[in-house]
Structure formats: structure tokens, C-alpha cells
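File shown here: data_32.tsv, holding TSV, C-alpha atoms and all ligand atoms.
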chain	number	residue	atom	x	y	z
A	54	MET	CA	-27.14	-19.50	-6.16
A	55	THR	CA	-26.42	-16.84	-8.79
A	56	PRO	CA	-23.85	-14.44	-7.39
A	57	ARG	CA	-25.00	-10.93	-6.66
A	58	LEU	CA	-21.55	-9.65	-7.49
A	59	LEU	CA	-18.29	-11.09	-8.81
A	60	VAL	CA	-15.17	-9.79	-7.08
A	61	GLY	CA	-11.78	-9.84	-8.82
A	62	THR	CA	-8.88	-10.65	-6.49
A	63	ARG	CA	-5.33	-11.93	-6.57
A	64	SER	CA	-4.96	-15.38	-5.10
A	65	SER	CA	-2.32	-14.81	-2.41
A	66	PRO	CA	-3.60	-15.65	1.09
A	67	LEU	CA	-3.56	-11.93	2.00
A	68	ALA	CA	-5.45	-10.90	-1.14
A	69	LEU	CA	-8.05	-13.60	-0.54
A	70	ALA	CA	-8.49	-12.55	3.10
A	71	GLN	CA	-9.06	-8.96	1.95
A	72	ALA	CA	-11.51	-10.02	-0.77
A	73	ARG	CA	-13.47	-12.15	1.72
A	74	THR	CA	-13.62	-9.23	4.15
A	75	THR	CA	-14.97	-7.06	1.34
A	76	ALA	CA	-17.55	-9.66	0.33
A	77	ALA	CA	-18.70	-10.03	3.93
A	78	ALA	CA	-18.95	-6.24	4.36
A	79	LEU	CA	-21.14	-5.98	1.25
A	80	GLU	CA	-23.35	-8.87	2.34
A	81	ALA	CA	-23.78	-7.36	5.80
A	82	ALA	CA	-24.44	-3.82	4.51
A	83	HIS	CA	-27.12	-4.96	2.08
A	84	GLY	CA	-28.66	-7.81	4.09
A	85	TRP	CA	-27.63	-10.42	1.52
A	86	GLU	CA	-27.21	-14.06	2.38
A	87	PRO	CA	-23.59	-14.95	3.27
A	88	GLY	CA	-21.95	-16.39	0.16
A	89	SER	CA	-23.91	-14.31	-2.32
A	90	VAL	CA	-20.80	-12.32	-3.32
A	91	HIS	CA	-18.38	-14.55	-5.22
A	92	LEU	CA	-14.62	-14.28	-5.75
A	93	HIS	CA	-12.87	-14.54	-9.11
A	94	GLU	CA	-9.15	-15.24	-8.69
A	95	VAL	CA	-6.76	-13.54	-11.10
A	96	ARG	CA	-3.00	-13.98	-11.50
A	97	THR	CA	-1.20	-10.66	-12.02
A	98	THR	CA	2.22	-9.91	-13.52
A	99	GLY	CA	3.53	-9.28	-10.01
A	100	ASP	CA	2.48	-12.79	-8.98
A	101	LYS	CA	4.21	-14.39	-11.95
A	102	VAL	CA	7.63	-12.80	-11.41
A	103	GLN	CA	9.21	-14.00	-8.19
A	104	ASP	CA	12.94	-13.83	-8.71
A	105	ARG	CA	13.63	-10.18	-9.50
A	106	ALA	CA	13.09	-6.90	-7.74
A	107	LEU	CA	9.87	-5.46	-9.01
A	108	ALA	CA	11.68	-2.17	-9.42
A	109	GLU	CA	13.91	-3.98	-11.92
A	110	ILE	CA	11.00	-5.20	-14.02
A	111	GLY	CA	10.05	-1.57	-14.04
A	112	GLY	CA	6.59	-2.29	-15.41
A	113	LYS	CA	3.57	-0.33	-14.37
A	114	ALA	CA	0.37	-1.80	-13.00
A	115	LEU	CA	2.11	-4.98	-11.88
A	116	TRP	CA	-0.64	-5.91	-9.45
A	117	THR	CA	-3.60	-4.39	-11.24
A	118	LYS	CA	-3.43	-4.84	-15.02
A	119	GLU	CA	-5.02	-8.30	-15.22
A	120	LEU	CA	-7.65	-7.39	-12.62
A	121	ASP	CA	-8.46	-4.28	-14.67
A	122	GLN	CA	-8.96	-6.41	-17.78
A	123	PHE	CA	-11.60	-8.57	-16.10
A	124	LEU	CA	-13.27	-5.47	-14.71
A	125	LEU	CA	-13.28	-3.54	-17.98
A	126	GLY	CA	-14.33	-6.64	-19.92
A	127	GLY	CA	-17.39	-6.99	-17.70
A	128	THR	CA	-16.47	-10.36	-16.13
A	129	THR	CA	-16.10	-8.90	-12.63
A	130	HIS	CA	-18.04	-6.08	-10.97
A	131	LEU	CA	-15.26	-4.91	-8.70
A	132	SER	CA	-11.59	-5.50	-7.83
A	133	VAL	CA	-10.19	-5.59	-4.31
A	134	HIS	CA	-6.64	-4.25	-3.90
A	135	SER	CA	-4.12	-3.50	-1.20
A	136	CYS	CA	-4.28	0.24	-1.72
A	137	LYS	CA	-0.49	0.45	-1.39
A	138	ASP	CA	-0.12	-1.61	-4.57
A	139	VAL	CA	-2.44	0.54	-6.67
A	140	GLU	CA	-0.58	3.07	-8.86
A	141	SER	CA	-1.49	6.67	-8.17
A	142	GLU	CA	-2.47	7.12	-11.85
A	143	ARG	CA	-5.30	4.77	-12.83
A	144	PRO	CA	-7.27	4.16	-16.04
A	145	ASP	CA	-9.83	6.91	-16.66
A	146	ASN	CA	-12.78	4.55	-16.76
A	147	LEU	CA	-12.11	3.06	-13.29
A	148	CYS	CA	-12.62	4.57	-9.85
A	149	ILE	CA	-11.96	3.63	-6.25
A	150	ALA	CA	-15.57	3.47	-5.10
A	151	ALA	CA	-14.86	2.37	-1.51
A	152	PHE	CA	-12.12	2.10	1.08
A	153	LEU	CA	-12.53	-0.28	3.99
A	154	PRO	CA	-11.61	1.12	7.43
A	155	ARG	CA	-7.86	1.29	7.64
A	156	ALA	CA	-5.94	-1.20	9.81
A	157	ASP	CA	-2.66	-0.69	11.76
A	158	VAL	CA	-0.52	1.51	9.48
A	159	ARG	CA	2.83	0.55	11.01
A	160	ASP	CA	5.52	-1.75	9.69
A	161	ARG	CA	6.64	-4.64	11.86
A	162	LEU	CA	10.26	-5.70	12.14
A	163	ILE	CA	10.65	-9.48	11.99
A	164	GLY	CA	13.81	-11.13	13.26
A	165	ALA	CA	15.07	-8.53	15.74
A	166	ALA	CA	13.72	-6.72	18.78
A	167	SER	CA	14.52	-3.28	17.33
A	168	ILE	CA	16.47	-1.59	14.56
A	169	GLU	CA	19.27	-0.85	17.04
A	170	ALA	CA	19.41	-4.54	18.02
A	171	LEU	CA	20.28	-5.74	14.48
A	172	SER	CA	23.83	-7.06	14.41
A	173	GLN	CA	26.58	-5.02	12.74
A	174	GLY	CA	26.42	-5.46	8.95
A	175	ALA	CA	23.39	-7.73	9.19
A	176	LYS	CA	21.66	-8.91	6.00
A	177	VAL	CA	18.14	-7.50	5.93
A	178	GLY	CA	15.70	-8.56	3.22
A	179	THR	CA	13.19	-6.24	1.60
A	180	SER	CA	12.27	-5.16	-1.90
A	181	SER	CA	10.80	-1.87	-0.79
A	182	PRO	CA	12.90	1.19	-1.73
A	183	ARG	CA	11.18	3.10	1.08
A	184	ARG	CA	12.03	0.57	3.79
A	185	THR	CA	15.56	0.23	2.42
A	186	ALA	CA	16.20	3.97	2.55
A	187	GLN	CA	14.54	4.46	5.94
A	188	LEU	CA	16.58	1.61	7.39
A	189	LEU	CA	19.91	2.67	5.89
A	190	ARG	CA	19.31	6.20	7.11
A	191	ARG	CA	19.51	4.85	10.66
A	192	ARG	CA	21.86	1.94	10.08
A	193	PRO	CA	24.17	2.57	7.11
A	194	ASP	CA	26.20	-0.49	8.12
A	195	LEU	CA	23.42	-2.93	7.18
A	196	GLN	CA	23.37	-4.96	3.99
A	197	VAL	CA	19.94	-4.74	2.40
A	198	SER	CA	19.11	-7.35	-0.23
A	199	ILE	CA	16.04	-8.11	-2.25
A	200	MET	CA	13.42	-10.29	-0.63
A	201	ARG	CA	10.22	-11.11	-2.45
A	202	GLY	CA	7.30	-13.46	-2.20
A	203	ASN	CA	4.14	-13.52	-0.18
A	204	VAL	CA	4.04	-13.03	3.57
A	205	ALA	CA	4.59	-16.74	4.39
A	206	THR	CA	7.57	-16.97	2.03
A	207	ARG	CA	9.18	-13.95	3.66
A	208	LEU	CA	8.67	-15.29	7.17
A	209	ASN	CA	10.26	-18.58	6.06
A	210	HIS	CA	13.34	-16.69	4.86
A	211	ILE	CA	13.81	-15.36	8.39
A	212	ALA	CA	13.06	-18.68	10.07
A	213	SER	CA	15.64	-20.44	7.88
A	214	GLY	CA	18.30	-17.80	8.47
A	215	ASN	CA	18.63	-16.61	4.86
A	216	TYR	CA	18.24	-13.07	6.21
A	217	GLU	CA	18.54	-11.74	9.73
A	218	ALA	CA	15.46	-9.56	9.53
A	219	THR	CA	12.75	-8.11	7.33
A	220	PHE	CA	9.85	-5.67	7.53
A	221	LEU	CA	6.22	-6.47	6.86
A	222	ALA	CA	3.13	-4.31	7.12
A	223	ALA	CA	1.32	-4.89	10.42
A	224	ALA	CA	-1.99	-4.72	8.52
A	225	GLY	CA	-1.15	-7.69	6.33
A	226	LEU	CA	0.16	-9.77	9.23
A	227	ASP	CA	-2.91	-8.96	11.32
A	228	ARG	CA	-5.28	-9.90	8.50
A	229	LEU	CA	-3.53	-13.26	8.29
A	230	GLY	CA	-3.64	-13.73	12.07
A	231	ILE	CA	0.17	-13.63	12.36
A	232	GLU	CA	1.45	-12.05	15.57
A	233	GLU	CA	5.16	-12.12	14.79
A	234	GLY	CA	7.37	-9.04	14.84
A	235	ARG	CA	7.71	-5.73	16.66
A	236	ALA	CA	5.80	-2.70	15.44
A	237	ILE	CA	8.05	0.22	14.50
A	238	GLU	CA	6.46	3.55	15.43
A	239	ILE	CA	5.49	5.83	12.54
A	240	ASP	CA	7.83	8.59	13.72
A	241	GLU	CA	10.66	6.21	12.95
A	242	PHE	CA	9.23	4.52	9.84
A	243	LEU	CA	6.57	6.57	8.10
A	244	PRO	CA	4.48	4.09	6.06
A	245	ALA	CA	3.95	3.89	2.30
A	246	PRO	CA	1.12	5.90	0.75
A	247	GLY	CA	-2.04	3.78	1.07
A	248	GLN	CA	-0.54	1.24	3.47
A	249	ALA	CA	-3.10	-0.73	5.51
A	250	ALA	CA	-6.04	0.46	3.41
A	251	ILE	CA	-8.12	-1.77	1.15
A	252	ALA	CA	-9.23	-0.07	-2.07
A	253	ILE	CA	-12.23	-1.35	-4.00
A	254	GLU	CA	-12.44	-0.35	-7.64
A	255	CYS	CA	-15.22	-0.57	-10.17
A	256	ARG	CA	-16.05	0.88	-13.58
A	257	LYS	CA	-16.83	4.57	-13.41
A	258	ASP	CA	-19.97	4.09	-15.53
A	259	ASP	CA	-21.29	1.22	-13.38
A	260	ALA	CA	-23.70	3.25	-11.25
A	261	ASP	CA	-25.28	0.16	-9.64
A	262	THR	CA	-21.99	-1.19	-8.27
A	263	ARG	CA	-20.87	2.28	-7.22
A	264	ALA	CA	-24.04	2.70	-5.18
A	265	LEU	CA	-23.56	-0.70	-3.53
A	266	LEU	CA	-19.96	0.17	-2.67
A	267	GLN	CA	-20.88	3.59	-1.33
A	268	ALA	CA	-22.52	1.78	1.61
A	269	ILE	CA	-19.19	0.35	2.82
A	270	ASP	CA	-16.95	3.36	2.10
A	271	ASP	CA	-15.02	4.60	5.15
A	272	GLU	CA	-14.79	8.39	4.98
A	273	PRO	CA	-11.73	8.97	7.26
A	274	THR	CA	-9.74	6.38	5.31
A	275	ARG	CA	-10.81	7.94	2.01
A	276	ARG	CA	-9.69	11.40	3.12
A	277	ALA	CA	-6.31	10.21	4.39
A	278	VAL	CA	-5.55	8.04	1.39
A	279	THR	CA	-6.73	10.71	-1.07
A	280	ALA	CA	-4.10	13.08	0.36
A	281	GLU	CA	-1.37	10.43	0.39
A	282	ARG	CA	-2.06	9.44	-3.20
A	283	ALA	CA	-2.19	13.06	-4.34
A	284	PHE	CA	1.21	13.56	-2.71
A	285	CYS	CA	2.57	10.50	-4.48
A	286	ARG	CA	1.18	11.65	-7.83
A	287	GLY	CA	2.55	15.14	-7.20
A	288	VAL	CA	6.12	13.92	-6.72
A	289	GLY	CA	5.80	11.41	-9.56
A	290	GLY	CA	6.44	8.52	-7.20
A	291	SER	CA	5.62	4.84	-7.56
A	292	CYS	CA	6.28	1.64	-5.65
A	293	HIS	CA	9.80	1.98	-7.01
A	294	SER	CA	10.47	5.25	-5.19
A	295	PRO	CA	11.61	5.87	-1.62
A	296	VAL	CA	8.48	7.79	-0.63
A	297	ALA	CA	6.39	7.72	2.55
A	298	ALA	CA	3.16	9.53	3.39
A	299	LEU	CA	0.57	9.22	6.10
A	300	GLY	CA	-2.65	11.15	6.69
A	301	LEU	CA	-4.46	11.15	10.03
A	302	ILE	CA	-7.81	12.74	10.85
A	303	GLU	CA	-7.53	14.97	13.91
A	304	GLY	CA	-10.06	15.89	16.58
A	305	ASP	CA	-11.14	19.07	14.78
A	306	ASP	CA	-11.81	17.02	11.61
A	307	SER	CA	-8.78	18.41	9.80
A	308	LEU	CA	-6.45	16.05	8.01
A	309	TRP	CA	-2.82	15.99	9.09
A	310	LEU	CA	-0.58	14.78	6.25
A	311	ARG	CA	3.04	13.91	6.88
A	312	ALA	CA	5.38	12.84	4.10
A	313	GLU	CA	9.04	12.19	3.32
A	314	LEU	CA	11.29	11.59	0.35
A	315	LEU	CA	14.66	9.87	0.64
A	316	SER	CA	17.65	9.09	-1.52
A	317	SER	CA	18.08	5.37	-2.25
A	318	ASP	CA	20.74	4.94	0.43
A	319	GLY	CA	18.84	7.05	2.96
A	320	ALA	CA	21.68	9.56	3.27
A	321	ALA	CA	19.47	12.40	2.03
A	322	HIS	CA	16.00	13.00	3.40
A	323	VAL	CA	13.32	15.71	3.21
A	324	ALA	CA	10.19	15.64	5.33
A	325	GLY	CA	7.23	17.94	5.82
A	326	GLU	CA	3.62	18.17	6.88
A	327	VAL	CA	0.43	20.01	6.03
A	328	ARG	CA	-3.09	20.27	7.43
A	329	ALA	CA	-6.24	20.18	5.30
A	330	ALA	CA	-9.90	20.96	5.91
A	331	PRO	CA	-12.46	18.44	4.58
A	332	GLY	CA	-12.47	18.55	0.80
A	333	GLU	CA	-8.94	19.98	0.58
A	334	GLU	CA	-7.10	16.66	0.83
A	335	GLU	CA	-6.10	16.42	-2.81
A	336	ALA	CA	-4.84	20.02	-2.96
A	337	ALA	CA	-2.92	19.57	0.30
A	338	GLY	CA	-1.18	16.47	-1.03
A	339	HIS	CA	-0.14	18.30	-4.18
A	340	ALA	CA	1.06	21.34	-2.25
A	341	LEU	CA	3.20	19.22	0.07
A	342	ALA	CA	4.65	17.39	-2.93
A	343	ALA	CA	5.71	20.66	-4.55
A	344	GLU	CA	7.17	21.91	-1.30
A	345	LEU	CA	9.25	18.80	-0.60
A	346	LEU	CA	10.50	18.52	-4.18
A	347	GLY	CA	11.47	22.19	-4.01
A	348	ARG	CA	13.60	21.50	-0.94
A	349	ALA	CA	14.98	18.14	-2.06
A	350	PRO	CA	18.63	17.81	-3.05
A	351	ALA	CA	19.48	16.51	-6.53
A	352	GLU	CA	20.06	12.90	-5.39
A	353	ILE	CA	16.43	12.77	-4.27
A	354	ARG	CA	14.91	14.77	-7.14
A	355	LEU	CA	16.40	12.47	-9.76
A	356	LEU	CA	14.39	9.56	-8.33
A	357	PHE	CA	11.07	11.27	-9.05
A	358	ASN	CA	9.21	12.30	-12.21
A	359	PRO	CA	6.83	15.10	-11.32
A	360	ALA	CA	4.26	15.85	-14.02
B	1	LIG	N1	3.78	-4.69	-1.39
B	1	LIG	C1	3.14	-5.88	-0.90
B	1	LIG	C2	2.07	-5.56	0.08
B	1	LIG	N2	0.97	-4.86	-0.28
B	1	LIG	C3	0.20	-4.69	0.84
B	1	LIG	C4	0.83	-5.31	1.90
B	1	LIG	C5	0.37	-5.37	3.28
B	1	LIG	C6	-1.02	-4.88	3.57
B	1	LIG	C7	-1.24	-3.41	3.49
B	1	LIG	O1	-0.31	-2.58	3.60
B	1	LIG	O2	-2.41	-3.06	3.31
B	1	LIG	C8	2.00	-5.87	1.42
B	1	LIG	C9	3.01	-6.67	2.15
B	1	LIG	C10	3.85	-5.83	3.09
B	1	LIG	O3	4.27	-4.73	2.75
B	1	LIG	O4	4.12	-6.31	4.19
Encoded form using C-alpha cells:
Amino acid sequence: MTPRLLVGTRSSPLALAQARTTAAALEAAHGWEPGSVHLHEVRTTGDKVQDRALAEIGGKALWTKELDQFLLGGTTHLSVHSCKDVESERPDNLCIAAFLPRADVRDRLIGAASIEALSQGAKVGTSSPRRTAQLLRRRPDLQVSIMRGNVATRLNHIASGNYEATFLAAAGLDRLGIEEGRAIEIDEFLPAPGQAAIAIECRKDDADTRALLQAIDDEPTRRAVTAERAFCRGVGGSCHSPVAALGLIEGDDSLWLRAELLSSDGAAHVAGEVRAAPGEEEAAGHALAAELLGRAPAEIRLLFNPA
């Protein structure tokens, strides 16, 4: 069977699960035979480098560059990404044409019943500057060291005692059918911008694919993530910055955006919130970014590069 569409995806188990979900959503929305959307697996820079903190590599577009090349070269029609891993500044000729309905936005703590229950000075593994800062803010005694690899690798590190605990996104664990860990409430650990959302990109000038993707776009997720990403762009943040943001749609249809910036060791912290009417998400994200940067002490400001 000739594929209707070719979907670019990374080949980690989580990426493949997300790509299959996307393919199934497209097939269902358009009444296509199951299996008519095909996957094209792509290895990204982020997949190739396993031994260093990604922040150390410092490169941009670690999880997207190679997928973009297949998309822009016309091999694939669309790319499926964990929205959290998609830089807030993207190539001009690409667009996020659909978001799948967002999953559980919380982080789960693996290896301990709660943050308080971690032993004094425990070694906690994560490569996320946000999780590191949020954790040290509550538990400055802990020793945070870099932990990388896919979800299974990270769980193995805990099982084998290399680290006492780690954090993983509930969304990723759920998509892999893994029940381990305790969810940390968002008041305690505000998630990363875009966490738990799946972003589907295509070429801006590919009207056919855009129309097909329009059918599976989830409006509440789009509104929330648009505000979170605008906030992130406004502060000049990346996956290397201790930044958190979460939008929620409220009963009156307004968007409630909460965000925080931290210093690397969590000692300094600024947080704020804003509400936005439909269509104002982008502006609200930018306004909150300016407000928080304006209030942030120097040790936070130096971590960000506002435009
Ligand atoms: N940075 C890696 C990454 N990108 C997306 C997810 C999980 C799924 C999601 O947030 O959508 C993860 C792993 C994790 O943070 O546990």
C-alpha cells in the first residue's frame, strides 16, 4: 500500500508511541485504513550524544534538526515531537499544525515516596535545569547529578541503585504504560513549557498536510502551549534554562498561565501568573515574561537571553 503520509519521528520507544498515536488519530479522523500513515525513523543529535549533559553540548535544535531536514527536503510530510523538546524559535518555513490533547502535565518522582522522604544528601539524577532548581529550592542538601538516556535507561539507574531518585514526566511514563513513581503536584513542581503535549509540525507552504492536521488539532492544548512557548521565547529560555510554565483553560474560557524562573541552585525564584482571553495567549505569555524578568534578581537574569 502506498502511504498516505510519511511521518518523521525519533526512534526512542516514547517517540515511536507518540508517532503511532498521531498516525492512528489521522487515520481515524479521515477514515483511512489503519496502516496507511507510515513512520520514518530519524536519529537526532540528542539521540547520538548520551554521555554529556545536553546543556553542555549547548547546541540548538538537538531533537529537531535532522527531522527538519527530512521535512524540508520533502521526504516526510510531518514530524511528531514531544512539544517540550521543540525550541521556542523554529525555522520560518515550518509550523506546528496540530497539538494532540495534552496528557498528565505532572512530573513523577521515582525512587522515593515524596521529596521530603529522600534521605539526607541523597544523589538524585536528572539533566533538567528546571527539575534541579525546583528540587534544590526545597532540599538544598541533595546532590543532583546528570542522568540521561531514554525512560527505560533512567528507570534502570534507579533500580540498580546508581541514584536514589529521579523525576520523569507522567505523560511519557503513561504513554509507555509504566505506572512507577509518585506524581508531584504542580503547585510544588510547575512543569516545563510544553510538557505532556505532542506537537506535529509540517511545512508552512504544504496546505494539503496542514488541512489534514487541522482535523486532529486540540484547541485547549494549542492555547495553553502557545502561551507557555511565548513566555519561554519572551524570557529567552531554552531546555538549558530553569524555567517552568503551565497554562490551563478555565471554566469561563480564559487561559490561566502560571510561570516561574529560578537560579540554577534554586536559591532565587520568581513566580507570577496572568489570565488571557481567547486569542490573547501569545501576548499574555510575553507580558508575563517581561514582568518576571523585571522582578528577577541578577542571578536569575543572567541565565536568560531576552530578545
Ligand atoms: N526531555 C525528554 C522528554 N521529552 C518529553 C518527555 C516526556 C513526555 C512529555 O513531556 O510530553 C521527556 C522525558 C521526561 O521528561 O520525563
Set the distance at 9 Å and use all atoms listed in the file: which residues neighbour Leu301 in chain A once local chain neighbours fewer than 5 positions away are removed? I'd like the list as a count of residues only.
9
Counting all atoms listed in the file, figure out which residue out of A:Gly174, A:Arg201, A:Asp271, A:Thr75 gets nearest to Lys101 in chain A.
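Between A:Gly174, A:Arg201, A:Asp271, A:Thr75, the residue approaching Lys101 in chain A most closely is A:Arg201.
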Option closest in space to ligand LIG 1 (chain B), from A:Thr98, A:Ser181, A:Gln71, A:Gln248 [counting all atoms listed in the file]
A:Gln248
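Contact shell of Asp258 in chain A at 12 Å (all atoms listed in the file; same-chain neighbours under 2 positions omitted): Leu124, Leu125, Gly127, His130, Asp145, Asn146, Leu147, Cys148, Ala150, Glu254, Cys255, Arg256, Ala260, Asp261, Thr262, Arg263 and Ala264 of chain A.
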When distances are computed from all atoms listed in the file, which of A:Gln187, A:Ser180, A:Thr97, A:Gln196 shows the smallest separation from ligand LIG 1 (chain B)?
A:Ser180
